[in-house]
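Visitor: The structure follows.
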There are 2 protein chains.
Amino acid sequence: MLKLIPKRIPIRVGHKYIAIVNEKTAKELDMRCADRILLKIGRKRLTAILDITEKKELRDNQIGLFAETWDKLKIKKGDIIRVNVAPKPESDVYIKEKLLGKRLGAEKIDTIIRDIVADDLSDIEMTYFVSGCFTRGLSDEETANLTKAIVKHGERLNFKDRIVMDKHCIGGVPGNRTTMLVVPIITALGYRMPKTSSRAITSPAGTADTMEVLANVVNNAKKLKQIADKVGGFITWGGGVDLAAADDKLIRVRYPLKLDPQGMLLASIMAKKYSVSSNNVIIDIPIGKQGKLKTMKEAMELKKRFLAIAKKLRMKMKVVVTNADQPIGNGIGPVLECLDVIKVLKNEEDAPLDLKEKAIMLCTELLHLTGKYKSKKSAEKLVREVLDSGKAYKQFNRIIKAQGKKKMKKVGEFKINVTAEKTGKITSIKNKLIATISRAAGAPSNPGAGVYVHKKLGEKVRKGDKLFTVYTENKIRIKYVKKLPLNKAYHINNNKK
Amino acid sequence: MLKLIPKRIPIRVGHKYIAIVNEKTAKELDMRCADRILLKIGRKRLTAILDITEKKELRDNQIGLFAETWDKLKIKKGDIIRVNVAPKPESDVYIKEKLLGKRLGAEKIDTIIRDIVADDLSDIEMTYFVSGCFTRGLSDEETANLTKAIVKHGERLNFKDRIVMDKHCIGGVPGNRTTMLVVPIITALGYRMPKTSSRAITSPAGTADTMEVLANVVNNAKKLKQIADKVGGFITWGGGVDLAAADDKLIRVRYPLKLDPQGMLLASIMAKKYSVSSNNVIIDIPIGKQGKLKTMKEAMELKKRFLAIAKKLRMKMKVVVTNADQPIGNGIGPVLECLDVIKVLKNEEDAPLDLKEKAIMLCTELLHLTGKYKSKKSAEKLVREVLDSGKAYKQFNRIIKAQGKKKMKKVGEFKINVTAEKTGKITSIKNKLIATISRAAGAPSNPGAGVYVHKKLGEKVRKGDKLFTVYTENKIRIKYVKKLPLNKAYHINNNKK
């Protein structure tokens, strides 16, 4: 045991409790980098992760505490910290087991997730856990247990409804903003649908980014419960509420290598449903050359895993495989996507039909999943009614109002039109390039930026016809956009045969 | 691009270049935690790893720089930093390939090691590399290439001798201080033997800890070259010189889970030989119930790998399998081990015979490996001569003098004698418990602490005979030692049959 004088290091390092001593003091404590150090002041105790500084920023009798650690211990002037070696967390043993290829039982997974949420594991330890899950895989059983652990160690929204609806799309299709149609339709029909969505990471917009054009999407759990109790549902940013705290922490260490261990991805999706009490869930898996998954075989394997895990979580689930060959709707980017959604809800003439029909299909499947409708046809009829009558639009506005309405931003004022270089038929649209162009234009951080697609697959065009328009909020972005191979986004076949 | 005002964060975080901005600035840069940020002041440039602080320790126009980053950029008052996104290192791609189970070619391994040594990889990235090597394994080819890369990106001692000798023991046997005999014997015979050793991590003493009782073991490469040129060799701490800089950095991330990917371990050993130009190397693999390896089969597998990698590195190598059933020599702990070594070198009557004979065997094998001796017998004769004549002892003192002689510390003044509880024959000695007792007594940080073993396997004892004595430098350690099951270290069989 040593008695050390705390020195505040005026910076936060992201929720971790880190203490730092110089090399000599570390030697005296017989401790190494990343060891656990137990800090005591009176009856206060905190376990921190030790870092060691090489030079003399710290005297031998000092211990540096980053801001989180300092605040957590509520250090007062004159405080002396008694420090001791703390044992390594049990989680280390289980993480090593996973790296060795063993299956982890529910308790071990729960311990790891508990320690992650309590900020008891270092980046190095969390990275080993992700590596183990990535290289050794997670069984359905492990994935279900991981889901439960993530939910247990996070906030939860409890609804007493027998039916709580949810949907999820694995992504990869620009413009595919069905959630913003499904939630108002389903809740207009009287069902509960508390939907959390993500922001874009590499795409031009996540549902949370798009919804944020119209409404506040950062709400705490209590407020979200109130909204859903009042208007039936919401469309909010999942990261704004600690429904899956462990997940957010794991994503941080997955990010540098963009590692997506399948079991972890599935647990992450399922936890978001499970934590808001969802029990009737539809999963949308788009496939195609341009999609995240290319083949029906891949889709079927993923579907099987989704259904197996849902069963273990006692969740009713329907998995639909859809087409990822081109954008859905016409707008790509937050504001442009909002305009599409509103056109559909308002039954405007130029509303994008593909977006509308896909949303209707998803709603129909969801209703049918409940077992309350004698046929899909009768369910579909209800869905069309609620949409055609304007009830869904009215409901959409109620949700926006409940979340906190925002003044809608405009589409960017600068634009580039990209036209057909020849006459012919459109045979492919490169989703990834369209997404890259939209991001270069500024989406999603500039909400008015993005791409508006005028033509879709199979359409005939004449040389000079507008294919798509790129919008930006500022002039410099136009320069960035022009560096991209804009004319490669569409392929036109003028073969007369 | 943003222009930010640097703020010094007065702490070093271990050789990494880290810059930190607040959440708002990160969003404006469209950057996330662990992204690379390019820092420019005039013509100075540095790529740092980005960290993001949550609260207002930093203003929107500030960038926090930890001490290493600040110093590296030589920041002056009034400097403004232009910051930009920097690309991810190529290494990330290769590390992911390893995690996916691919073999890495020489160039990819070289790139990863180069980036590690340049402090361009974060802990998270290095941890993924270790995980990949651990879960997917490294082939002999990969291990040899890893060895070469570690050596290339570290310091090197170049000797022109046709023969440069070295030895290595995989460890696990308390007291086994043969290096301190082999180096003086071999160098007394006129060969070059530049030996780097490690400090204890979990054992009561590493060779570097023991040698440090008598001589300085922290020397830079230039000084080491001078010593070896002058007296033929040295026994120094490998960590005191950057011969395998990458290795030290990897060990830091391996430590929390105590992960020992075999290929990495082998590369680490081989790099230490390769970097000092060794080309005739003997490897000692002790096996037995008490050892790191339990069976001859395990030893043979490891031997095969050692020889395969040595061949790729064009190194002559002999692997000997020895016995790990009990401590070698009588002393365990730095000072006690030194006393054993000196007794052997001075040919004293109570010199531990097992230590002496093992050292003679290793030296004989080393000489024979060179191909310069017609038989092992003739080689052994030379070894015994140099030891018996006192030439080896004289040489030992020359080496000590060249490294910088120290005043030798005494054995701890407090002691506990552990005696036989019954009459009979000693049938087992628990190495791990003996090591634990020695560490509890204070070894290696208290050099005078440790265990002196009076009896060895097969010896007959009478009830009350001294089995071993524990020495400590201070009274409180006696208390710690007494908590251990001291009487379980020896097993005595009194079966009369």
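Residues in the structure tokens are named by chain (A, B, ... in the order shown) and by number from 1 within that chain; ligands are numbered from 1 in the order shown.
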Near chain A, meaning an atom within 7 Å, which residues of chain B appear when counting only C-alpha atoms? Write them as a PyMOL selection string.

Guide: chain B and resi 10-14+34+53-54+57+92+96+99-100+123-124+127-128+131+135+253+256-257

Visitor: Atoms to include: N, CA and C atoms. Write the selected residues as a PDB file, in the first residue's frame.

Guide:
```
ATOM      1  N   PRO B  10      -0.647  17.901 -19.589  1.00  0.00           N
ATOM      2  CA  PRO B  10       0.677  17.691 -19.003  1.00  0.00           C
ATOM      3  C   PRO B  10       0.909  16.266 -18.534  1.00  0.00           C
ATOM      4  N   ILE B  11       0.837  15.323 -19.462  1.00  0.00           N
ATOM      5  CA  ILE B  11       1.081  13.934 -19.079  1.00  0.00           C
ATOM      6  C   ILE B  11       1.510  13.169 -20.315  1.00  0.00           C
ATOM      7  N   ARG B  12       2.371  12.189 -20.089  1.00  0.00           N
ATOM      8  CA  ARG B  12       2.798  11.310 -21.171  1.00  0.00           C
ATOM      9  C   ARG B  12       1.990  10.026 -21.101  1.00  0.00           C
ATOM     10  N   VAL B  13       1.604   9.494 -22.250  1.00  0.00           N
ATOM     11  CA  VAL B  13       0.779   8.290 -22.217  1.00  0.00           C
ATOM     12  C   VAL B  13       1.458   7.128 -22.939  1.00  0.00           C
ATOM     13  N   GLY B  14       2.776   7.149 -22.873  1.00  0.00           N
ATOM     14  CA  GLY B  14       3.482   5.961 -23.365  1.00  0.00           C
ATOM     15  C   GLY B  14       3.700   5.949 -24.852  1.00  0.00           C
ATOM     16  N   ALA B  34     -10.336   7.296 -32.395  1.00  0.00           N
ATOM     17  CA  ALA B  34      -9.364   6.359 -32.978  1.00  0.00           C
ATOM     18  C   ALA B  34      -9.102   6.623 -34.461  1.00  0.00           C
ATOM     19  N   THR B  53     -13.252  14.184 -26.256  1.00  0.00           N
ATOM     20  CA  THR B  53     -13.663  14.438 -24.880  1.00  0.00           C
ATOM     21  C   THR B  53     -15.121  14.881 -24.887  1.00  0.00           C
ATOM     22  N   GLU B  54     -15.839  14.487 -23.854  1.00  0.00           N
ATOM     23  CA  GLU B  54     -17.272  14.699 -23.864  1.00  0.00           C
ATOM     24  C   GLU B  54     -17.666  16.078 -23.352  1.00  0.00           C
ATOM     25  N   GLU B  57     -13.792  20.406 -21.260  1.00  0.00           N
ATOM     26  CA  GLU B  57     -12.391  20.667 -20.926  1.00  0.00           C
ATOM     27  C   GLU B  57     -11.699  21.385 -22.079  1.00  0.00           C
ATOM     28  N   ASP B  92      -3.923  -1.670 -40.947  1.00  0.00           N
ATOM     29  CA  ASP B  92      -5.273  -2.072 -40.541  1.00  0.00           C
ATOM     30  C   ASP B  92      -5.831  -3.149 -41.465  1.00  0.00           C
ATOM     31  N   LYS B  96      -6.619  -7.041 -40.316  1.00  0.00           N
ATOM     32  CA  LYS B  96      -7.933  -7.648 -40.535  1.00  0.00           C
ATOM     33  C   LYS B  96      -7.787  -8.958 -41.320  1.00  0.00           C
ATOM     34  N   LEU B  99      -6.891 -11.594 -38.921  1.00  0.00           N
ATOM     35  CA  LEU B  99      -8.063 -11.998 -38.135  1.00  0.00           C
ATOM     36  C   LEU B  99      -8.984 -12.906 -38.945  1.00  0.00           C
ATOM     37  N   LEU B 100      -8.994 -12.696 -40.250  1.00  0.00           N
ATOM     38  CA  LEU B 100      -9.824 -13.528 -41.126  1.00  0.00           C
ATOM     39  C   LEU B 100      -9.150 -14.860 -41.449  1.00  0.00           C
ATOM     40  N   ASP B 123      -3.503   1.108 -29.335  1.00  0.00           N
ATOM     41  CA  ASP B 123      -3.595  -0.135 -28.547  1.00  0.00           C
ATOM     42  C   ASP B 123      -4.631  -1.075 -29.149  1.00  0.00           C
ATOM     43  N   ILE B 124      -5.744  -0.493 -29.604  1.00  0.00           N
ATOM     44  CA  ILE B 124      -6.815  -1.319 -30.174  1.00  0.00           C
ATOM     45  C   ILE B 124      -6.293  -2.077 -31.394  1.00  0.00           C
ATOM     46  N   THR B 127      -3.811  -4.739 -30.422  1.00  0.00           N
ATOM     47  CA  THR B 127      -4.505  -5.854 -29.780  1.00  0.00           C
ATOM     48  C   THR B 127      -5.145  -6.764 -30.830  1.00  0.00           C
ATOM     49  N   TYR B 128      -5.709  -6.171 -31.876  1.00  0.00           N
ATOM     50  CA  TYR B 128      -6.266  -6.993 -32.956  1.00  0.00           C
ATOM     51  C   TYR B 128      -5.160  -7.828 -33.615  1.00  0.00           C
ATOM     52  N   SER B 131      -4.408 -10.667 -31.340  1.00  0.00           N
ATOM     53  CA  SER B 131      -5.537 -11.616 -31.396  1.00  0.00           C
ATOM     54  C   SER B 131      -5.465 -12.481 -32.645  1.00  0.00           C
ATOM     55  N   THR B 135      -5.290 -16.413 -32.428  1.00  0.00           N
ATOM     56  CA  THR B 135      -6.380 -17.324 -32.816  1.00  0.00           C
ATOM     57  C   THR B 135      -6.090 -18.034 -34.136  1.00  0.00           C
ATOM     58  N   VAL B 253       0.468  -4.998 -24.844  1.00  0.00           N
ATOM     59  CA  VAL B 253      -0.947  -5.329 -25.078  1.00  0.00           C
ATOM     60  C   VAL B 253      -1.227  -6.817 -24.845  1.00  0.00           C
ATOM     61  N   PRO B 256      -2.397  -7.759 -20.443  1.00  0.00           N
ATOM     62  CA  PRO B 256      -3.649  -7.843 -19.671  1.00  0.00           C
ATOM     63  C   PRO B 256      -4.283  -9.231 -19.673  1.00  0.00           C
ATOM     64  N   LEU B 257      -4.218  -9.945 -20.799  1.00  0.00           N
ATOM     65  CA  LEU B 257      -4.797 -11.289 -20.826  1.00  0.00           C
ATOM     66  C   LEU B 257      -3.713 -12.363 -20.750  1.00  0.00           C
TER      67      LEU B 257
END
```

Visitor: Identify, with DSSP run on backbone atoms, the residues in range 226-314 of chain B assigned to helix (DSSP H, G or I), and express the list as a CSV table (one decimal) with N, CA and C atoms, in the first residue's frame.

Guide:
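Writing the result to states_25.csv gives the following:
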```csv
chain,number,residue,atom,x,y,z
B,226,GLN,N,30.9,-2.0,-27.5
B,226,GLN,CA,32.2,-1.8,-26.9
B,226,GLN,C,32.6,-2.9,-25.9
B,227,ILE,N,31.6,-3.2,-25.0
B,227,ILE,CA,31.9,-4.3,-24.0
B,227,ILE,C,32.2,-5.6,-24.7
B,228,ALA,N,31.4,-6.0,-25.7
B,228,ALA,CA,31.6,-7.3,-26.3
B,228,ALA,C,32.9,-7.3,-27.1
B,229,ASP,N,33.2,-6.2,-27.7
B,229,ASP,CA,34.5,-6.1,-28.5
B,229,ASP,C,35.6,-6.3,-27.5
B,230,LYS,N,35.5,-5.7,-26.3
B,230,LYS,CA,36.6,-5.7,-25.4
B,230,LYS,C,36.8,-7.1,-24.6
B,231,VAL,N,35.6,-7.6,-24.1
B,231,VAL,CA,35.8,-8.8,-23.2
B,231,VAL,C,35.1,-10.0,-23.9
B,238,GLY,N,17.8,-7.1,-21.8
B,238,GLY,CA,17.4,-6.8,-23.2
B,238,GLY,C,16.5,-5.6,-23.3
B,239,GLY,N,15.7,-5.4,-22.2
B,239,GLY,CA,14.8,-4.2,-22.2
B,239,GLY,C,15.5,-2.9,-22.1
B,240,GLY,N,16.8,-2.9,-21.8
B,240,GLY,CA,17.5,-1.7,-21.6
B,240,GLY,C,18.0,-1.1,-22.9
B,242,ASP,N,17.1,-1.0,-27.3
B,242,ASP,CA,15.9,-1.1,-28.3
B,242,ASP,C,16.2,-2.2,-29.4
B,243,LEU,N,16.7,-3.3,-29.0
B,243,LEU,CA,17.0,-4.4,-30.0
B,243,LEU,C,15.8,-4.9,-30.6
B,244,ALA,N,14.7,-4.9,-29.8
B,244,ALA,CA,13.4,-5.4,-30.3
B,244,ALA,C,12.3,-4.6,-29.8
B,245,ALA,N,12.3,-3.3,-30.4
B,245,ALA,CA,11.4,-2.3,-29.9
B,245,ALA,C,9.9,-2.8,-30.1
B,246,ALA,N,9.6,-3.4,-31.2
B,246,ALA,CA,8.3,-3.8,-31.5
B,246,ALA,C,7.8,-4.8,-30.5
B,247,ASP,N,8.7,-5.7,-30.2
B,247,ASP,CA,8.4,-6.7,-29.2
B,247,ASP,C,7.9,-6.2,-27.9
B,248,ASP,N,8.7,-5.2,-27.4
B,248,ASP,CA,8.3,-4.6,-26.1
B,248,ASP,C,6.9,-3.9,-26.2
B,249,LYS,N,6.6,-3.3,-27.3
B,249,LYS,CA,5.3,-2.7,-27.5
B,249,LYS,C,4.2,-3.8,-27.6
B,250,LEU,N,4.4,-4.9,-28.2
B,250,LEU,CA,3.4,-5.9,-28.3
B,250,LEU,C,3.2,-6.6,-27.0
B,251,ILE,N,4.3,-6.7,-26.2
B,251,ILE,CA,4.2,-7.4,-24.9
B,251,ILE,C,3.2,-6.6,-24.0
B,252,ARG,N,3.2,-5.2,-24.2
B,252,ARG,CA,2.3,-4.4,-23.4
B,252,ARG,C,0.9,-4.7,-23.6
B,253,VAL,N,0.5,-5.0,-24.8
B,253,VAL,CA,-0.9,-5.3,-25.1
B,253,VAL,C,-1.2,-6.8,-24.8
B,254,ARG,N,-0.2,-7.6,-24.9
B,254,ARG,CA,-0.4,-9.1,-24.5
B,254,ARG,C,-0.6,-9.2,-23.0
B,255,TYR,N,-0.1,-8.3,-22.3
B,255,TYR,CA,0.0,-8.5,-20.8
B,255,TYR,C,-1.4,-8.6,-20.1
B,256,PRO,N,-2.4,-7.8,-20.4
B,256,PRO,CA,-3.6,-7.8,-19.7
B,256,PRO,C,-4.3,-9.2,-19.7
B,257,LEU,N,-4.2,-9.9,-20.8
B,257,LEU,CA,-4.8,-11.3,-20.8
B,257,LEU,C,-3.7,-12.4,-20.7
B,262,GLN,N,2.0,-18.4,-29.9
B,262,GLN,CA,3.3,-19.1,-30.0
B,262,GLN,C,4.3,-18.5,-31.0
B,263,GLY,N,3.7,-18.2,-32.2
B,263,GLY,CA,4.6,-17.6,-33.2
B,263,GLY,C,5.2,-16.3,-32.7
B,264,MET,N,4.5,-15.5,-32.0
B,264,MET,CA,5.0,-14.2,-31.5
B,264,MET,C,6.1,-14.4,-30.5
B,265,LEU,N,5.8,-15.4,-29.6
B,265,LEU,CA,6.8,-15.8,-28.6
B,265,LEU,C,8.1,-16.2,-29.3
B,266,LEU,N,8.0,-17.1,-30.3
B,266,LEU,CA,9.2,-17.6,-31.0
B,266,LEU,C,9.9,-16.4,-31.7
B,267,ALA,N,9.1,-15.6,-32.3
B,267,ALA,CA,9.7,-14.4,-33.0
B,267,ALA,C,10.4,-13.5,-32.0
B,268,SER,N,9.8,-13.4,-30.9
B,268,SER,CA,10.4,-12.5,-29.8
B,268,SER,C,11.8,-13.1,-29.4
B,269,ILE,N,11.8,-14.4,-29.2
B,269,ILE,CA,13.1,-15.0,-28.8
B,269,ILE,C,14.1,-14.9,-29.9
B,270,MET,N,13.7,-15.3,-31.1
B,270,MET,CA,14.6,-15.3,-32.2
B,270,MET,C,15.1,-13.9,-32.6
B,271,ALA,N,14.3,-12.9,-32.4
B,271,ALA,CA,14.7,-11.5,-32.8
B,271,ALA,C,15.8,-11.1,-31.8
B,272,LYS,N,15.7,-11.5,-30.6
B,272,LYS,CA,16.8,-11.1,-29.6
B,272,LYS,C,18.1,-11.7,-30.0
B,273,LYS,N,18.1,-12.9,-30.6
B,273,LYS,CA,19.3,-13.6,-31.1
B,273,LYS,C,19.8,-12.9,-32.4
B,274,TYR,N,18.8,-12.8,-33.3
B,274,TYR,CA,19.2,-12.3,-34.6
B,274,TYR,C,19.7,-10.8,-34.5
B,296,MET,N,7.2,-34.8,-23.4
B,296,MET,CA,8.2,-34.8,-24.5
B,296,MET,C,7.6,-34.5,-25.8
B,297,LYS,N,6.3,-34.9,-26.0
B,297,LYS,CA,5.6,-34.6,-27.3
B,297,LYS,C,5.5,-33.1,-27.5
B,298,GLU,N,5.1,-32.4,-26.5
B,298,GLU,CA,5.1,-30.9,-26.6
B,298,GLU,C,6.4,-30.3,-26.9
B,299,ALA,N,7.4,-30.8,-26.2
B,299,ALA,CA,8.8,-30.3,-26.4
B,299,ALA,C,9.3,-30.6,-27.8
B,300,MET,N,8.9,-31.7,-28.4
B,300,MET,CA,9.3,-32.1,-29.7
B,300,MET,C,8.7,-31.2,-30.7
B,301,GLU,N,7.4,-30.8,-30.5
B,301,GLU,CA,6.7,-29.9,-31.4
B,301,GLU,C,7.3,-28.5,-31.4
B,302,LEU,N,7.7,-28.1,-30.2
B,302,LEU,CA,8.3,-26.8,-30.1
B,302,LEU,C,9.7,-26.8,-30.7
B,303,LYS,N,10.4,-27.9,-30.5
B,303,LYS,CA,11.8,-28.0,-31.0
B,303,LYS,C,11.7,-27.9,-32.6
B,304,LYS,N,10.7,-28.6,-33.1
B,304,LYS,CA,10.6,-28.6,-34.6
B,304,LYS,C,10.4,-27.2,-35.1
B,305,ARG,N,9.6,-26.4,-34.4
B,305,ARG,CA,9.3,-25.1,-34.8
B,305,ARG,C,10.6,-24.2,-34.7
B,306,PHE,N,11.2,-24.4,-33.6
B,306,PHE,CA,12.5,-23.6,-33.4
B,306,PHE,C,13.5,-23.9,-34.5
B,307,LEU,N,13.6,-25.2,-34.9
B,307,LEU,CA,14.6,-25.5,-35.9
B,307,LEU,C,14.2,-25.0,-37.3
B,308,ALA,N,12.9,-25.1,-37.5
B,308,ALA,CA,12.4,-24.6,-38.8
B,308,ALA,C,12.7,-23.1,-39.0
B,309,ILE,N,12.4,-22.4,-38.0
B,309,ILE,CA,12.5,-20.9,-38.1
B,309,ILE,C,14.0,-20.6,-38.1
B,310,ALA,N,14.8,-21.3,-37.3
B,310,ALA,CA,16.3,-21.0,-37.3
B,310,ALA,C,16.8,-21.2,-38.7
B,311,LYS,N,16.4,-22.3,-39.4
B,311,LYS,CA,16.8,-22.6,-40.7
B,311,LYS,C,16.5,-21.4,-41.7
B,312,LYS,N,15.3,-20.9,-41.6
B,312,LYS,CA,14.9,-19.8,-42.4
B,312,LYS,C,15.8,-18.5,-42.1
```

Visitor: For CA of Ile63 in chain B and CA of Phe66 in chain A, quote the distance in Å rounded to one decimal.

Guide: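 If I compute the distance from CA of Ile63 in chain B to CA of Phe66 in chain A, I get 16.8 Å.
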
Visitor: Tell me, as a VMD selection string, which residues lie within 10 Å of Ile75 in chain A, counting only C-alpha atoms; anything in the same chain fewer than 4 positions away does not count.

Guide: chain A and resid 6 to 8 41 69 to 71 79 to 81

Visitor: Which residues are close to Ile429 in chain A, i.e. within 6 Å by only C-alpha atoms, leaving aside same-chain residues fewer than 3 positions away? Reply as a CSV table (one decimal) with C-alpha atoms, in the first residue's frame.

Guide:
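Saved result, selection-v3.csv, follows:
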```
chain,number,residue,atom,x,y,z
A,326,GLN,CA,-31.0,0.5,-56.8
A,489,ALA,CA,-23.2,6.0,-61.4
A,490,TYR,CA,-25.6,4.8,-64.1
```

Visitor: May I have the residues within 9 Å of range 372-383 of chain A as an MDAnalysis selection string, using only C-alpha atoms and disregarding those fewer than 2 positions away in the same chain?

Guide: chainID A and resid 185:186 189 360:361 363:370 385:388

Visitor: Quick one: pick out all strand (DSSP E) residues within range 271-389 of chain B from a backbone DSSP run and write them as number ranges by chain.

Guide: B: 280-287, 316-323, 331-332

Visitor: Using only C-alpha atoms, determine which residues lie at most 10 Å from Asn323 in chain A, disregarding the query and same-chain residues fewer than 2 positions distant; provide the list as a PDB file with N, CA and C atoms, in the first residue's frame.

Guide:
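Output file selection_21.pdb is given in full below:
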```
ATOM      1  N   VAL A 173     -29.019   0.179 -48.746  1.00  0.00           N
ATOM      2  CA  VAL A 173     -29.777   0.722 -49.877  1.00  0.00           C
ATOM      3  C   VAL A 173     -30.046   2.211 -49.636  1.00  0.00           C
ATOM      4  N   ASP A 284     -35.858  -6.665 -42.596  1.00  0.00           N
ATOM      5  CA  ASP A 284     -35.739  -6.449 -44.042  1.00  0.00           C
ATOM      6  C   ASP A 284     -34.292  -6.706 -44.455  1.00  0.00           C
ATOM      7  N   ILE A 285     -34.088  -7.721 -45.297  1.00  0.00           N
ATOM      8  CA  ILE A 285     -32.740  -8.030 -45.801  1.00  0.00           C
ATOM      9  C   ILE A 285     -32.686  -7.761 -47.307  1.00  0.00           C
ATOM     10  N   PRO A 286     -32.174  -6.594 -47.696  1.00  0.00           N
ATOM     11  CA  PRO A 286     -32.036  -6.326 -49.131  1.00  0.00           C
ATOM     12  C   PRO A 286     -30.831  -7.089 -49.694  1.00  0.00           C
ATOM     13  N   ILE A 287     -30.998  -7.722 -50.837  1.00  0.00           N
ATOM     14  CA  ILE A 287     -29.867  -8.394 -51.488  1.00  0.00           C
ATOM     15  C   ILE A 287     -29.726  -7.934 -52.939  1.00  0.00           C
ATOM     16  N   GLY A 288     -28.544  -8.157 -53.468  1.00  0.00           N
ATOM     17  CA  GLY A 288     -28.279  -7.777 -54.849  1.00  0.00           C
ATOM     18  C   GLY A 288     -26.824  -7.386 -55.006  1.00  0.00           C
ATOM     19  N   LYS A 289     -26.398  -7.242 -56.241  1.00  0.00           N
ATOM     20  CA  LYS A 289     -25.009  -6.868 -56.539  1.00  0.00           C
ATOM     21  C   LYS A 289     -24.565  -5.638 -55.760  1.00  0.00           C
ATOM     22  N   GLN A 290     -25.500  -4.708 -55.550  1.00  0.00           N
ATOM     23  CA  GLN A 290     -25.178  -3.443 -54.902  1.00  0.00           C
ATOM     24  C   GLN A 290     -25.379  -3.486 -53.392  1.00  0.00           C
ATOM     25  N   GLY A 291     -25.882  -4.599 -52.867  1.00  0.00           N
ATOM     26  CA  GLY A 291     -26.265  -4.651 -51.460  1.00  0.00           C
ATOM     27  C   GLY A 291     -25.165  -5.137 -50.543  1.00  0.00           C
ATOM     28  N   VAL A 321     -36.915 -10.786 -47.678  1.00  0.00           N
ATOM     29  CA  VAL A 321     -35.756 -10.499 -48.510  1.00  0.00           C
ATOM     30  C   VAL A 321     -36.206  -9.561 -49.619  1.00  0.00           C
ATOM     31  N   ASP A 325     -30.927  -3.528 -55.656  1.00  0.00           N
ATOM     32  CA  ASP A 325     -30.260  -3.160 -56.904  1.00  0.00           C
ATOM     33  C   ASP A 325     -30.216  -1.667 -57.201  1.00  0.00           C
ATOM     34  N   GLN A 326     -31.033  -0.903 -56.508  1.00  0.00           N
ATOM     35  CA  GLN A 326     -31.046   0.545 -56.772  1.00  0.00           C
ATOM     36  C   GLN A 326     -31.598   1.267 -55.547  1.00  0.00           C
ATOM     37  N   PRO A 327     -31.448   2.590 -55.485  1.00  0.00           N
ATOM     38  CA  PRO A 327     -32.005   3.323 -54.352  1.00  0.00           C
ATOM     39  C   PRO A 327     -33.525   3.131 -54.283  1.00  0.00           C
ATOM     40  N   ILE A 328     -34.063   3.258 -53.077  1.00  0.00           N
ATOM     41  CA  ILE A 328     -35.516   3.245 -52.889  1.00  0.00           C
ATOM     42  C   ILE A 328     -35.946   4.699 -52.682  1.00  0.00           C
TER      43      ILE A 328
END
```

Visitor: Mind checking which residues fall within 9 Å of Val213 in chain B, counting only C-alpha atoms, ignoring those fewer than 2 positions away in the same chain, and posting them as a ChimeraX atom specification?

Guide: /B:208-211,215-216,334-335,338,406-409,447

Visitor: Under the rule that only C-alpha atoms are counted, which of B:Thr322, B:Gln403, B:Thr143, B:Thr202 is the nearest residue to Ile235 in chain B?

Guide: B:Gln403

Visitor: To one decimal place, how far is CA of Gly172 in chain B from CA of Leu484 in chain B in Å?

Guide: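 So the answer is 20.0 Å.
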